[in-house]
$ cat start_0.tsv   # TSV, C-alpha atoms
chain	number	residue	atom	x	y	z
A	25	MET	CA	-37.22	11.63	10.06
A	26	LEU	CA	-35.37	13.33	7.21
A	27	ASP	CA	-38.18	15.87	6.73
A	28	LYS	CA	-37.93	16.80	10.38
A	29	ILE	CA	-34.19	17.37	10.09
A	30	ILE	CA	-34.64	19.45	6.95
A	31	ASP	CA	-37.27	21.57	8.70
A	32	ILE	CA	-34.93	22.25	11.60
A	33	ILE	CA	-32.10	23.29	9.26
A	34	ASN	CA	-34.28	25.37	6.95
A	35	LYS	CA	-35.83	27.21	9.87
A	36	LYS	CA	-32.40	28.50	10.82
A	37	PHE	CA	-30.83	28.88	7.34
A	38	LYS	CA	-33.61	30.01	5.04
A	39	ASP	CA	-33.90	27.41	2.25
A	40	SER	CA	-30.19	26.85	1.89
A	41	VAL	CA	-30.59	23.08	1.66
A	42	LEU	CA	-32.46	21.34	-1.13
A	43	HIS	CA	-34.15	18.00	-1.02
A	44	ASN	CA	-35.50	15.84	-3.80
A	45	GLU	CA	-38.57	13.78	-2.93
A	46	ASN	CA	-36.99	10.51	-4.06
A	47	SER	CA	-33.56	10.96	-2.52
A	48	ASN	CA	-32.40	10.22	0.99
A	49	TYR	CA	-29.88	13.02	1.20
A	50	ILE	CA	-29.95	16.79	1.35
A	51	LEU	CA	-28.19	18.87	-1.23
A	52	ILE	CA	-26.31	22.15	-0.87
A	53	GLU	CA	-25.42	24.05	-4.02
A	54	ASN	CA	-23.98	27.19	-2.43
A	55	PRO	CA	-21.36	26.16	0.15
A	56	SER	CA	-20.68	29.70	1.44
A	57	ASN	CA	-22.50	29.09	4.74
A	58	TRP	CA	-21.70	25.37	4.96
A	59	LYS	CA	-19.44	25.88	7.95
A	60	LEU	CA	-22.30	27.52	9.86
A	61	ILE	CA	-24.71	24.74	8.90
A	62	ALA	CA	-22.14	22.15	9.94
A	63	ASP	CA	-21.71	23.85	13.29
A	64	TYR	CA	-25.49	23.87	13.69
A	65	LEU	CA	-25.67	20.14	12.88
A	66	ILE	CA	-23.49	19.27	15.84
A	67	GLN	CA	-24.76	21.95	18.27
A	68	ASN	CA	-28.52	21.80	17.87
A	69	SER	CA	-30.12	19.66	20.58
A	70	ASN	CA	-32.47	17.99	18.09
A	71	LEU	CA	-29.70	17.12	15.60
A	72	LYS	CA	-26.48	16.41	17.55
A	73	PHE	CA	-24.63	14.86	14.59
A	74	ASP	CA	-21.46	14.20	16.55
A	75	TYR	CA	-20.05	11.46	14.31
A	76	LEU	CA	-18.86	12.02	10.75
A	77	MET	CA	-18.86	8.45	9.45
A	78	SER	CA	-17.51	9.15	6.02
A	79	LEU	CA	-16.62	11.92	3.65
A	80	SER	CA	-16.36	11.10	-0.03
A	81	GLY	CA	-15.59	13.20	-3.04
A	82	TYR	CA	-16.89	12.44	-6.51
A	83	ASP	CA	-16.51	13.77	-10.01
A	84	LEU	CA	-19.70	14.68	-11.91
A	85	THR	CA	-17.83	15.62	-15.13
A	86	ASN	CA	-18.52	18.91	-17.01
A	87	ASP	CA	-16.42	20.72	-14.38
A	88	LYS	CA	-18.81	19.78	-11.60
A	89	VAL	CA	-17.68	17.98	-8.48
A	90	GLY	CA	-19.43	16.77	-5.38
A	91	VAL	CA	-18.70	15.80	-1.83
A	92	ALA	CA	-20.89	13.62	0.38
A	93	TYR	CA	-20.86	13.72	4.16
A	94	ASN	CA	-22.42	10.86	6.12
A	95	PHE	CA	-23.37	11.81	9.66
A	96	TYR	CA	-24.63	9.82	12.58
A	97	SER	CA	-25.77	10.94	15.95
A	98	THR	CA	-24.55	8.62	18.69
A	99	LYS	CA	-26.94	10.31	21.13
A	100	LEU	CA	-30.14	10.50	19.08
A	101	LYS	CA	-29.34	7.49	16.83
A	102	HIS	CA	-30.24	9.04	13.51
A	103	TYR	CA	-28.41	9.42	10.23
A	104	LEU	CA	-28.01	12.17	7.68
A	105	GLU	CA	-26.28	12.45	4.34
A	106	VAL	CA	-25.33	15.91	3.13
A	107	ARG	CA	-24.08	16.45	-0.40
A	108	ILE	CA	-22.47	19.55	-1.81
A	109	GLU	CA	-22.39	19.77	-5.60
A	110	ILE	CA	-20.51	22.71	-7.06
A	111	ASP	CA	-18.28	23.84	-9.92
A	112	SER	CA	-14.82	22.36	-9.62
A	113	ASN	CA	-13.11	25.72	-9.08
A	114	VAL	CA	-15.23	26.65	-6.03
A	115	GLU	CA	-13.69	26.08	-2.62
A	116	ILE	CA	-15.62	24.20	0.05
A	117	PRO	CA	-15.19	25.38	3.65
A	118	SER	CA	-13.33	22.75	5.62
A	119	VAL	CA	-15.12	21.13	8.57
A	120	ALA	CA	-11.94	19.63	10.00
A	121	GLU	CA	-12.23	21.81	13.09
A	122	ILE	CA	-15.73	20.50	13.84
A	123	TRP	CA	-15.18	16.80	13.09
A	124	ARG	CA	-11.55	15.72	13.35
A	125	THR	CA	-12.34	12.82	10.98
A	126	ALA	CA	-12.73	15.33	8.19
A	127	ASN	CA	-9.07	16.30	8.33
A	128	TRP	CA	-7.68	13.22	6.56
A	129	HIS	CA	-10.85	12.59	4.56
A	130	GLU	CA	-10.69	16.04	3.03
A	131	ARG	CA	-7.03	15.50	2.22
A	132	GLU	CA	-7.98	12.25	0.51
A	133	ALA	CA	-10.75	13.95	-1.48
A	134	TYR	CA	-8.24	16.58	-2.54
A	135	ASP	CA	-5.64	13.99	-3.39
A	136	LEU	CA	-7.77	11.70	-5.55
A	137	VAL	CA	-10.58	13.89	-6.91
A	138	GLY	CA	-8.99	17.34	-6.68
A	139	LEU	CA	-11.58	19.00	-4.45
A	140	LYS	CA	-10.54	22.31	-2.94
A	141	PHE	CA	-11.13	22.92	0.75
A	142	SER	CA	-10.57	26.33	2.30
A	143	ASN	CA	-9.12	26.86	5.79
A	144	HIS	CA	-7.93	23.28	6.12
A	145	PRO	CA	-5.17	23.03	8.76
A	146	ASP	CA	-2.82	20.86	6.68
A	147	MET	CA	-3.88	20.59	3.05
A	148	LYS	CA	-1.52	18.35	1.14
A	149	ARG	CA	-1.63	14.95	-0.56
A	150	ILE	CA	-2.24	12.01	1.75
A	151	LEU	CA	-1.87	8.85	-0.38
A	152	LEU	CA	0.01	9.72	-3.56
A	153	PRO	CA	3.56	11.07	-3.62
A	154	GLU	CA	3.90	14.82	-3.18
A	155	ASP	CA	5.18	15.31	-6.72
A	156	TRP	CA	2.35	13.40	-8.40
A	157	ASP	CA	0.70	15.08	-11.36
A	158	GLY	CA	-3.09	15.30	-11.43
A	159	HIS	CA	-5.90	13.65	-9.49
A	160	PRO	CA	-6.39	10.01	-10.55
A	161	LEU	CA	-10.07	9.48	-9.74
A	162	LYS	CA	-11.19	12.35	-11.97
A	163	LYS	CA	-13.09	11.04	-14.99
A	164	ASP	CA	-10.79	12.75	-17.49
A	165	TYR	CA	-7.55	11.58	-15.84
A	166	GLU	CA	-5.07	9.93	-18.13
A	167	THR	CA	-2.48	7.56	-16.70
A	168	PRO	CA	0.99	8.99	-17.28
A	169	GLU	CA	3.56	6.98	-19.23
A	170	PHE	CA	6.29	7.35	-16.64
A	171	TYR	CA	6.66	8.30	-13.02
A	172	ASN	CA	10.23	9.02	-11.83
A	173	GLY	CA	11.59	6.99	-14.73
A	174	MET	CA	9.45	3.93	-13.94
A	175	PRO	CA	6.93	2.84	-16.58
A	176	VAL	CA	3.37	3.10	-15.27
A	177	PRO	CA	1.27	1.29	-17.89
A	178	LYS	CA	2.19	-2.28	-18.71
A	179	ASP	CA	5.09	-2.10	-21.10
A	180	LYS	CA	5.00	-5.25	-23.25
A	181	SER	CA	8.71	-4.96	-24.06
A	182	TYR	CA	9.47	-6.37	-20.63
A	183	TRP	CA	7.89	-9.66	-21.65
A	184	GLU	CA	8.91	-10.03	-25.26
B	12	MET	CA	12.10	-36.29	-1.42
B	13	SER	CA	12.56	-35.64	2.24
B	14	HIS	CA	13.93	-32.44	3.64
B	15	GLU	CA	17.18	-34.17	4.57
B	16	ASP	CA	17.81	-35.31	1.01
B	17	TYR	CA	17.12	-31.91	-0.38
B	18	TYR	CA	19.34	-30.10	2.01
B	19	VAL	CA	22.35	-32.34	2.51
B	20	LYS	CA	22.92	-33.95	-0.87
B	21	ASP	CA	24.01	-30.88	-2.80
B	22	ASP	CA	26.14	-29.45	-0.02
B	23	PHE	CA	29.76	-28.68	-0.81
B	24	THR	CA	31.80	-31.39	-2.44
B	25	LEU	CA	34.20	-32.89	0.02
B	26	VAL	CA	37.64	-33.51	-1.27
B	27	GLU	CA	38.53	-35.43	1.83
B	28	LYS	CA	37.02	-35.94	5.23
B	29	PHE	CA	38.81	-37.09	8.36
B	30	ASP	CA	36.21	-38.22	10.85
B	31	LYS	CA	38.60	-38.63	13.70
B	32	ASP	CA	40.07	-35.09	13.73
B	33	ASN	CA	36.98	-33.16	12.63
B	34	VAL	CA	38.84	-31.92	9.56
B	35	VAL	CA	37.48	-31.56	6.04
B	36	VAL	CA	39.26	-30.61	2.87
B	37	ALA	CA	37.10	-28.77	0.36
B	38	LYS	CA	37.12	-25.93	-2.08
B	39	LEU	CA	36.90	-22.56	-0.29
B	40	ASP	CA	34.24	-21.42	-2.75
B	41	ASP	CA	32.04	-24.30	-1.71
B	42	LEU	CA	32.73	-23.71	1.95
B	43	ILE	CA	31.76	-20.01	1.70
B	44	ASN	CA	28.66	-20.86	-0.30
B	45	TRP	CA	27.71	-23.47	2.25
B	46	GLY	CA	27.94	-20.85	4.97
B	47	ARG	CA	26.00	-18.26	3.00
B	48	ALA	CA	23.26	-20.64	1.95
B	49	GLY	CA	22.93	-21.80	5.54
B	50	SER	CA	22.21	-18.35	6.97
B	51	PRO	CA	20.40	-16.09	4.52
B	52	TRP	CA	19.13	-13.48	6.97
B	53	PHE	CA	16.11	-11.81	5.49
B	54	PHE	CA	15.06	-8.23	5.58
B	55	GLN	CA	12.01	-7.83	7.77
B	56	PHE	CA	9.59	-5.67	5.88
B	57	GLY	CA	6.24	-6.28	4.26
B	58	LEU	CA	4.16	-4.23	1.88
B	59	ALA	CA	0.74	-5.90	1.76
B	60	CYS	CA	-1.13	-9.14	2.41
B	61	CYS	CA	1.83	-11.31	1.31
B	62	ALA	CA	3.61	-10.01	4.39
B	63	ILE	CA	1.04	-11.84	6.53
B	64	GLU	CA	2.04	-15.13	4.88
B	65	MET	CA	5.70	-14.20	5.32
B	66	MET	CA	5.04	-13.63	9.04
B	67	ALA	CA	3.25	-16.98	9.19
B	68	ALA	CA	6.26	-18.61	7.53
B	69	ALA	CA	8.60	-16.98	10.05
B	70	GLY	CA	6.40	-18.05	12.93
B	71	PRO	CA	6.76	-21.28	14.91
B	72	ARG	CA	4.60	-23.52	12.68
B	73	HIS	CA	6.65	-23.13	9.50
B	74	ASP	CA	9.71	-21.76	11.25
B	75	LEU	CA	12.07	-20.14	8.76
B	76	GLU	CA	14.75	-20.17	11.42
B	77	ARG	CA	15.49	-23.83	10.63
B	78	PHE	CA	16.94	-22.57	7.31
B	79	GLY	CA	19.03	-20.09	9.25
B	80	MET	CA	16.71	-17.27	8.18
B	81	MET	CA	16.64	-14.69	10.88
B	82	PRO	CA	14.55	-11.55	10.33
B	83	ARG	CA	16.66	-8.41	10.47
B	84	ALA	CA	15.03	-5.02	10.76
B	85	THR	CA	17.82	-3.17	8.97
B	86	PRO	CA	19.05	-3.52	5.39
B	87	ARG	CA	22.68	-3.42	6.56
B	88	GLN	CA	22.43	-6.79	8.30
B	89	ALA	CA	20.22	-8.52	5.73
B	90	ASP	CA	21.26	-10.81	2.88
B	91	VAL	CA	17.88	-11.53	1.35
B	92	MET	CA	15.13	-9.07	0.61
B	93	ILE	CA	11.69	-10.67	0.42
B	94	VAL	CA	9.50	-8.21	-1.48
B	95	ALA	CA	6.20	-9.33	0.01
B	96	GLY	CA	3.30	-7.38	-1.42
B	97	THR	CA	2.10	-4.74	-3.83
B	98	VAL	CA	4.88	-2.35	-4.78
B	99	THR	CA	3.27	1.03	-5.34
B	100	LEU	CA	5.11	3.70	-7.28
B	101	LYS	CA	5.46	5.66	-4.05
B	102	MET	CA	7.12	2.66	-2.39
B	103	ALA	CA	9.22	1.63	-5.42
B	104	ASP	CA	11.83	4.34	-4.80
B	105	ILE	CA	12.09	3.26	-1.17
B	106	VAL	CA	12.42	-0.44	-2.10
B	107	LYS	CA	15.22	0.48	-4.48
B	108	ARG	CA	17.01	2.57	-1.88
B	109	LEU	CA	16.72	-0.17	0.74
B	110	PHE	CA	18.12	-2.69	-1.74
B	111	GLU	CA	21.06	-0.39	-2.44
B	112	GLN	CA	21.76	-0.14	1.30
B	113	MET	CA	22.13	-3.91	1.66
B	114	ALA	CA	25.67	-5.25	1.72
B	115	ASP	CA	26.84	-7.64	-1.00
B	116	PRO	CA	26.15	-10.48	-1.58
B	117	LYS	CA	22.45	-9.69	-1.69
B	118	TYR	CA	19.49	-11.53	-3.10
B	119	VAL	CA	15.89	-10.62	-3.83
B	120	ILE	CA	12.87	-12.90	-3.59
B	121	SER	CA	9.79	-11.50	-5.29
B	122	MET	CA	6.85	-12.95	-3.36
B	123	GLY	CA	3.36	-12.98	-4.85
B	124	SER	CA	1.69	-11.89	-8.06
B	125	CYS	CA	1.78	-8.18	-7.27
B	126	SER	CA	5.51	-7.92	-6.97
B	127	ASN	CA	6.06	-10.39	-9.83
B	128	SER	CA	4.00	-8.57	-12.43
B	129	GLY	CA	1.62	-6.11	-10.84
B	130	GLY	CA	-0.91	-8.85	-10.11
B	131	PRO	CA	-4.52	-7.66	-10.23
B	132	TYR	CA	-3.26	-4.17	-11.09
B	133	TRP	CA	-1.26	-5.33	-14.08
B	134	GLN	CA	-3.30	-3.47	-16.68
B	135	HIS	CA	-5.29	-0.58	-15.26
B	136	GLY	CA	-3.60	0.46	-12.05
B	137	TYR	CA	-2.18	3.97	-12.16
B	138	HIS	CA	-0.29	3.58	-8.91
B	139	VAL	CA	1.31	0.09	-8.96
B	140	LEU	CA	4.71	-0.82	-10.29
B	141	LYS	CA	4.23	-3.61	-12.85
B	142	GLY	CA	6.75	-5.97	-11.32
B	143	VAL	CA	9.45	-5.17	-8.79
B	144	ASP	CA	12.05	-6.41	-11.32
B	145	ILE	CA	11.78	-2.98	-12.96
B	146	VAL	CA	13.66	-1.44	-10.02
B	147	VAL	CA	15.66	-4.29	-8.40
B	148	PRO	CA	17.19	-7.51	-9.82
B	149	VAL	CA	15.09	-10.48	-8.72
B	150	ASP	CA	16.58	-13.94	-8.10
B	151	VAL	CA	13.50	-16.00	-7.30
B	152	TYR	CA	9.88	-15.36	-8.24
B	153	ILE	CA	7.18	-17.02	-6.14
B	154	PRO	CA	3.72	-17.12	-7.76
B	155	GLY	CA	0.57	-16.99	-5.70
B	156	CYS	CA	-1.89	-14.51	-4.34
B	157	PRO	CA	-0.61	-14.71	-1.70
B	158	PRO	CA	1.70	-17.75	-1.79
B	159	ARG	CA	1.34	-20.14	1.11
B	160	PRO	CA	4.28	-20.40	3.52
B	161	GLU	CA	5.17	-23.72	1.84
B	162	ALA	CA	5.58	-21.86	-1.45
B	163	LEU	CA	7.81	-19.30	0.22
B	164	ILE	CA	9.91	-22.11	1.69
B	165	GLN	CA	10.19	-23.70	-1.77
B	166	GLY	CA	11.42	-20.34	-3.09
B	167	ILE	CA	13.97	-20.14	-0.29
B	168	LEU	CA	15.26	-23.63	-1.11
B	169	GLU	CA	15.59	-22.58	-4.76
B	170	LEU	CA	17.51	-19.51	-3.62
B	171	GLN	CA	19.82	-21.70	-1.53
B	172	LYS	CA	20.52	-23.79	-4.62
B	173	LYS	CA	21.34	-20.60	-6.50
B	174	ILE	CA	23.64	-19.37	-3.74
B	175	LYS	CA	25.54	-22.67	-3.86
B	176	LEU	CA	26.31	-22.13	-7.55
B	177	ASP	CA	27.97	-18.79	-6.79
B	178	THR	CA	31.75	-18.31	-7.09
B	179	PRO	CA	32.58	-15.71	-4.45
B	180	LEU	CA	36.39	-15.99	-4.75
B	181	ARG	CA	36.55	-15.83	-8.51
B	182	LYS	CA	35.74	-12.89	-10.70
B	183	LYS	CA	32.21	-12.90	-11.99
B	184	VAL	CA	31.95	-13.20	-15.74
$ encode --input "start_0.tsv" --output "structure tokens"
Amino acid sequence: MLDKIIDIINKKFKDSVLHNENSNYILIENPSNWKLIADYLIQNSNLKFDYLMSLSGYDLTNDKVGVAYNFYSTKLKHYLEVRIEIDSNVEIPSVAEIWRTANWHEREAYDLVGLKFSNHPDMKRILLPEDWDGHPLKKDYETPEFYNGMPVPKDKSYWE
Amino acid sequence: MSHEDYYVKDDFTLVEKFDKDNVVVAKLDDLINWGRAGSPWFFQFGLACCAIEMMAAAGPRHDLERFGMMPRATPRQADVMIVAGTVTLKMADIVKRLFEQMADPKYVISMGSCSNSGGPYWQHGYHVLKGVDIVVPVDVYIPGCPPRPEALIQGILELQKKIKLDTPLRKKV
């Protein structure tokens, strides 16, 4: 099933997606034409991935980040996971116009992991306060001592 | 101890009571405290799963209204703030501002482990305030995760006892 999907995508976009034999996802390392691929995923009559189930960002350390998209086709009943793994300073084209789900999910990925999405309609923090410093789910994040005068780590002097 | 014993025995001390004329003579302090303890309207807002237990306590089975506790959806009409749930740092400023908007006399019940001490987030959470007592003064702490409605009611009875010890007409030391 996955091989068939990869064939359909690679026929249109010459070898822009990679696939490891042992994995169940497809990998994109150059996101420049990701928006076109995404459009193809929902338009093509043999793919029809009309449902973006989840979008998650992750930190690979060494200035590499990744984002995983989980798709499902409610018409053809098949699944697909697409991962984009890039340097942390590269912007990923937003797919919020194609799947409306992506709007908030991309904001969450930006908020917690610090992923950058280009052409997002409303890119700002979604969970943390607007004036928060840093992205807490990055591996090298250090919890600040204070936020707005309130101690963040457990201060033992409150107990003793 | 039955509910009647608990509630009636430490009511205000009567100096004199005239059954026939419906007249009592008592200290005004006690009379005011009796009134306040009998109707601590609580501020209707919840932050996390403890709020579900608070709603259950306010519902017909446990019925907080029998203690005169009416939920008010505005801080200006509320006497008691029940901090029910995890206080995140984003919410802490808002909790503080809501507390400041309440009219005196005002009381705070910290309900559940999260608002007592940070609960499961006490050590490693980057986003949770480690106890709501950092931003507002707390009168009663209720342990539990979440506390059952009975525990909340116990906390309310403790708060009533505390209210009855107040001296509203005299200067506070």
$ residues_near_point --input "start_0.tsv" --point "(-26.5, 15.5, 16.1)" --cutoff "9 Å" --atoms "all atoms listed in the file" --output "MDAnalysis selection string"
chainID A and resid 64:75 95:103
$ closest_atom_pairs --input "start_0.tsv" --of "chain B" --to "chain A" --cutoff "6 Å" --atoms "all atoms listed in the file" --output "Markdown table"
| residue | atom | partner | partner_atom | distance |
| --- | --- | --- | --- | --- |
| B:Lys101 | CA | A:Pro153 | CA | 5.8 |
| B:Gln134 | CA | A:Lys178 | CA | 6.0 |
| B:Tyr137 | CA | A:Thr167 | CA | 5.8 |
$ atom_distance --input "start_0.tsv" --atom1 "atom CA of B:Lys141" --atom2 "atom CA of B:Met81"
29.0 Å
$ closest_residue --input "start_0.tsv" --among "B:Arg47, B:His135, B:Lys175, B:Arg108" --to "B:Met80" --atoms "all atoms listed in the file"
B:Arg47
$ residues_around --input "start_0.tsv" --residues "stretch 116-124 of chain A" --least-positions-apart "6" --cutoff "6 Å" --atoms "only C-alpha atoms" --output "ChimeraX atom specification"
/A:141-144
$ axis_aligned_box --input "start_0.tsv" --around "stretch 165-168 of chain B" --padding-each-side "6 Å" --output "AutoDock Vina command-line options"
--center_x 12.7 --center_y -21.9 --center_z -1.7 --size_x 17.1 --size_y 15.6 --size_z 14.8
$ atom_distance --input "start_0.tsv" --atom1 "atom CA of A:Leu60" --atom2 "atom CA of A:His159"
28.9 Å
$ atom_distance --input "start_0.tsv" --atom1 "atom CA of A:Ile32" --atom2 "atom CA of A:Ile61"
10.9 Å
$ residues_around --input "start_0.tsv" --residues "A:Ile50" --least-positions-apart "2" --cutoff "12 Å" --atoms "only C-alpha atoms" --output "JSON, numbers by chain"
{"A": [26, 27, 29, 30, 31, 33, 34, 39, 40, 41, 42, 43, 44, 45, 46, 47, 48, 52, 53, 91, 92, 93, 94, 95, 103, 104, 105, 106, 107, 108, 109]}
$ write_last_selection --input "start_0.tsv" --atoms "C-alpha atoms" --output "PDB file, keeping the file's coordinate frame"
ATOM      1  CA  LEU A  26     -35.370  13.330   7.210  1.00  0.00           C
ATOM      2  CA  ASP A  27     -38.180  15.870   6.730  1.00  0.00           C
ATOM      3  CA  ILE A  29     -34.190  17.370  10.090  1.00  0.00           C
ATOM      4  CA  ILE A  30     -34.640  19.450   6.950  1.00  0.00           C
ATOM      5  CA  ASP A  31     -37.270  21.570   8.700  1.00  0.00           C
ATOM      6  CA  ILE A  33     -32.100  23.290   9.260  1.00  0.00           C
ATOM      7  CA  ASN A  34     -34.280  25.370   6.950  1.00  0.00           C
ATOM      8  CA  ASP A  39     -33.900  27.410   2.250  1.00  0.00           C
ATOM      9  CA  SER A  40     -30.190  26.850   1.890  1.00  0.00           C
ATOM     10  CA  VAL A  41     -30.590  23.080   1.660  1.00  0.00           C
ATOM     11  CA  LEU A  42     -32.460  21.340  -1.130  1.00  0.00           C
ATOM     12  CA  HIS A  43     -34.150  18.000  -1.020  1.00  0.00           C
ATOM     13  CA  ASN A  44     -35.500  15.840  -3.800  1.00  0.00           C
ATOM     14  CA  GLU A  45     -38.570  13.780  -2.930  1.00  0.00           C
ATOM     15  CA  ASN A  46     -36.990  10.510  -4.060  1.00  0.00           C
ATOM     16  CA  SER A  47     -33.560  10.960  -2.520  1.00  0.00           C
ATOM     17  CA  ASN A  48     -32.400  10.220   0.990  1.00  0.00           C
ATOM     18  CA  ILE A  52     -26.310  22.150  -0.870  1.00  0.00           C
ATOM     19  CA  GLU A  53     -25.420  24.050  -4.020  1.00  0.00           C
ATOM     20  CA  VAL A  91     -18.700  15.800  -1.830  1.00  0.00           C
ATOM     21  CA  ALA A  92     -20.890  13.620   0.380  1.00  0.00           C
ATOM     22  CA  TYR A  93     -20.860  13.720   4.160  1.00  0.00           C
ATOM     23  CA  ASN A  94     -22.420  10.860   6.120  1.00  0.00           C
ATOM     24  CA  PHE A  95     -23.370  11.810   9.660  1.00  0.00           C
ATOM     25  CA  TYR A 103     -28.410   9.420  10.230  1.00  0.00           C
ATOM     26  CA  LEU A 104     -28.010  12.170   7.680  1.00  0.00           C
ATOM     27  CA  GLU A 105     -26.280  12.450   4.340  1.00  0.00           C
ATOM     28  CA  VAL A 106     -25.330  15.910   3.130  1.00  0.00           C
ATOM     29  CA  ARG A 107     -24.080  16.450  -0.400  1.00  0.00           C
ATOM     30  CA  ILE A 108     -22.470  19.550  -1.810  1.00  0.00           C
ATOM     31  CA  GLU A 109     -22.390  19.770  -5.600  1.00  0.00           C
TER      32      GLU A 109
END
$ build_atoms --input "start_0.tsv" --residues "stretch 80-91 of chain A" --atoms "N, CA, C and O atoms" --output "JSON list (two decimals), keeping the file's coordinate frame"
[["chain", "number", "residue", "atom", "x", "y", "z"],
["A", 80, "SER", "N", -16.85, 11.57, 1.26],
["A", 80, "SER", "CA", -16.36, 11.10, -0.03],
["A", 80, "SER", "C", -16.52, 12.17, -1.10],
["A", 80, "SER", "O", -17.54, 12.86, -1.15],
["A", 81, "GLY", "N", -15.52, 12.27, -1.92],
["A", 81, "GLY", "CA", -15.59, 13.20, -3.04],
["A", 81, "GLY", "C", -15.92, 12.44, -4.30],
["A", 81, "GLY", "O", -15.59, 11.28, -4.43],
["A", 82, "TYR", "N", -16.60, 13.11, -5.25],
["A", 82, "TYR", "CA", -16.89, 12.44, -6.51],
["A", 82, "TYR", "C", -16.88, 13.45, -7.65],
["A", 82, "TYR", "O", -17.09, 14.64, -7.44],
["A", 83, "ASP", "N", -16.63, 12.94, -8.83],
["A", 83, "ASP", "CA", -16.51, 13.77, -10.01],
["A", 83, "ASP", "C", -17.78, 13.61, -10.84],
["A", 83, "ASP", "O", -18.16, 12.50, -11.19],
["A", 84, "LEU", "N", -18.44, 14.75, -11.14],
["A", 84, "LEU", "CA", -19.70, 14.68, -11.91],
["A", 84, "LEU", "C", -19.47, 15.00, -13.38],
["A", 84, "LEU", "O", -20.42, 15.06, -14.15],
["A", 85, "THR", "N", -18.21, 15.17, -13.78],
["A", 85, "THR", "CA", -17.83, 15.62, -15.13],
["A", 85, "THR", "C", -18.42, 17.01, -15.44],
["A", 85, "THR", "O", -19.16, 17.57, -14.64],
["A", 86, "ASN", "N", -18.13, 17.54, -16.62],
["A", 86, "ASN", "CA", -18.52, 18.91, -17.01],
["A", 86, "ASN", "C", -18.13, 19.94, -15.95],
["A", 86, "ASN", "O", -18.89, 20.84, -15.62],
["A", 87, "ASP", "N", -16.93, 19.77, -15.38],
["A", 87, "ASP", "CA", -16.42, 20.72, -14.38],
["A", 87, "ASP", "C", -17.29, 20.84, -13.15],
["A", 87, "ASP", "O", -17.33, 21.88, -12.50],
["A", 88, "LYS", "N", -18.04, 19.79, -12.85],
["A", 88, "LYS", "CA", -18.81, 19.78, -11.60],
["A", 88, "LYS", "C", -18.24, 18.68, -10.70],
["A", 88, "LYS", "O", -17.87, 17.60, -11.18],
["A", 89, "VAL", "N", -18.13, 18.99, -9.43],
["A", 89, "VAL", "CA", -17.68, 17.98, -8.48],
["A", 89, "VAL", "C", -18.65, 17.95, -7.30],
["A", 89, "VAL", "O", -19.46, 18.85, -7.12],
["A", 90, "GLY", "N", -18.56, 16.89, -6.53],
["A", 90, "GLY", "CA", -19.43, 16.77, -5.38],
["A", 90, "GLY", "C", -18.70, 16.17, -4.21],
["A", 90, "GLY", "O", -17.66, 15.54, -4.36],
["A", 91, "VAL", "N", -19.25, 16.43, -3.03],
["A", 91, "VAL", "CA", -18.70, 15.80, -1.83],
["A", 91, "VAL", "C", -19.88, 15.36, -0.96],
["A", 91, "VAL", "O", -20.87, 16.08, -0.85]]
